[in-house]
Amino acid sequence: MQFNFTEEQQAFADSVRRFALAHLEKDALKRAHDPRYPFDVAKLMSAHGLMGISLPEADGGQGGTLMDAVIAIEQVAAVCPRSADVVQFGNFGPIRTFAEYGTPQQKARWLPDLLQGRTVMSLGISEPDAGSAATDLKTSAKPDGSHYVINGSKVFSTFSPDAAIFLIYVRYGPGLGGIGSVIVERDTPGFEIGPPSRFMSGEEWCELHFDNCRIPAENVLLGPGGFKKQMAGFNIERLGNTARSLAFGRYAFNKAREHASTRQQFGRPLCEFQGLQWKFADMAIKLEGAQLLLYRAAANADRGLPSAYETAIAKAACNQAGFEAASEAVQIMGATGYSQESLVEWCMRRCRGWMIAGGSIEILKNRIAEHIFDRRFDQRRPKPAEAAE
């Protein structure tokens, strides 16, 4: 069993770190507090081969592995946390599902601009009445000649203020088998993008409304029965969320370590106080343990689609370790950590969101329990007839 990078992986990590230090370090703070998608960074990353790392070369990708993409997130986030969002989008987000299941015509039309950083795609899953219970979605897609007519709404869609195209989960018919997805372009008649709202992290999102929105049939990504395929792709997206959580926690940990090594109180460096030593020891234990779970999930996913269990357990561990490390870093650094002149508080706010997004901690624990007991636990209320029995 190998716990170290291969020579190739280490060389790749070093090259990405050099790139980040040369091009991303200077404006890291400014970039973090700008809610708009950093197209300049995306174009720069594309030029350096960091977009589509794990996508096939035939699709314009680099033909690398998911582990390579995880390494890229870690190295970029260590220098400029905000820029890690671009690595996430270019390798783990809806672009991955699109590249996996898109038709040759769809990929030829949209993938080049996405991979070259000229456009960004937003994912529409959550609805006002369908969050964790994603299969309760109501946004419908009805065939009408050579088109489909979309009606419904979506909320909490990342990158929606800037996206040119939207991957929208829709319902073609009843039940799980009636769910699939379509591509909707920003300027499509009947598609309205609401004004931006903000998360606690400062990220912006817009409500998406579809009122008899007509799209050509060739914009269907996955038809009826596509939900399970989409969820398999979503497990890969979760790895990007997982990697950023851990990387942001490490960023905050390292900043707090620098602070504790140089900041003096009562005539001594902070690191000489046992109370803070124990904090750092606890943080290190959580971060190191979560790191191994992330690497296991990513390495095994490179042998096929990722294990839902390994992805769930890695995400839960990294979400919690990242947030707790960032929160403790704020406490250790005091007013300096709490100030927006430091990225530590920003990392804490971002990590907190990932404990909800991409599968909440609680939902992940349900999935982990199902693996433990090798059975499905339906979280829905029993139907009246079932209750009577």
# chains A, B, ... in the order shown; residues from 1 in each chain; ligands from 1
>>> select_by_dssp(residues="region 121-352 of chain A", states="strand (DSSP E)", output="ChimeraX atom specification")
/A:121-124,140-144,147-158,165-171,179-185,191-198,204-216,220-222,264-265,268-269
>>> residues_around(residues="Ala260 (chain A)", least_positions_apart="3", cutoff="12 Å", atoms="only C-alpha atoms", output="list in words")
Phe253, Asn254, Lys255, Ala256, Arg257, Arg263, Gln264, Gln265, Arg268, Pro269, Leu270, Cys271, Glu272, Phe273, Gln274, Gly275, Leu276, Gln277, Lys279, Phe280, Ala329, Val330, Gln331, Ile332, Met333, Gly334, Thr336 and Gly337 of chain A
>>> select_by_dssp(residues="region 105-169 of chain A", states="alpha helix (DSSP H)", output="tab-separated table (two decimals) with N, CA and C atoms, in the first residue's frame")
chain	number	residue	atom	x	y	z
A	105	GLN	N	-22.28	16.00	-31.18
A	105	GLN	CA	-22.69	17.33	-31.63
A	105	GLN	C	-22.73	18.32	-30.47
A	106	GLN	N	-23.27	17.88	-29.33
A	106	GLN	CA	-23.34	18.75	-28.16
A	106	GLN	C	-21.94	19.13	-27.68
A	107	LYS	N	-21.07	18.14	-27.63
A	107	LYS	CA	-19.71	18.42	-27.14
A	107	LYS	C	-18.96	19.32	-28.11
A	108	ALA	N	-19.14	19.10	-29.39
A	108	ALA	CA	-18.46	19.95	-30.37
A	108	ALA	C	-18.95	21.39	-30.27
A	109	ARG	N	-20.20	21.57	-29.91
A	109	ARG	CA	-20.78	22.91	-29.85
A	109	ARG	C	-20.35	23.69	-28.62
A	110	TRP	N	-20.30	23.01	-27.45
A	110	TRP	CA	-20.12	23.75	-26.20
A	110	TRP	C	-18.82	23.45	-25.45
A	111	LEU	N	-18.27	22.26	-25.60
A	111	LEU	CA	-17.14	21.88	-24.77
A	111	LEU	C	-15.89	22.73	-25.01
A	112	PRO	N	-15.55	23.09	-26.25
A	112	PRO	CA	-14.34	23.90	-26.44
A	112	PRO	C	-14.37	25.21	-25.64
A	113	ASP	N	-15.47	25.95	-25.68
A	113	ASP	CA	-15.54	27.21	-24.95
A	113	ASP	C	-15.47	26.99	-23.44
A	114	LEU	N	-16.06	25.89	-22.95
A	114	LEU	CA	-16.01	25.59	-21.52
A	114	LEU	C	-14.59	25.27	-21.08
A	115	LEU	N	-13.89	24.46	-21.85
A	115	LEU	CA	-12.54	24.05	-21.48
A	115	LEU	C	-11.50	25.14	-21.70
>>> residues_around(residues="Gly226 (chain A)", least_positions_apart="2", cutoff="8 Å", atoms="only C-alpha atoms", output="ChimeraX atom specification")
/A:177,179-181,222-224,228-230
>>> closest_residue(among="A:Glu8, A:Glu310, A:Glu204, A:Glu192", to="Ser160 (chain A)", atoms="only C-alpha atoms")
A:Glu204
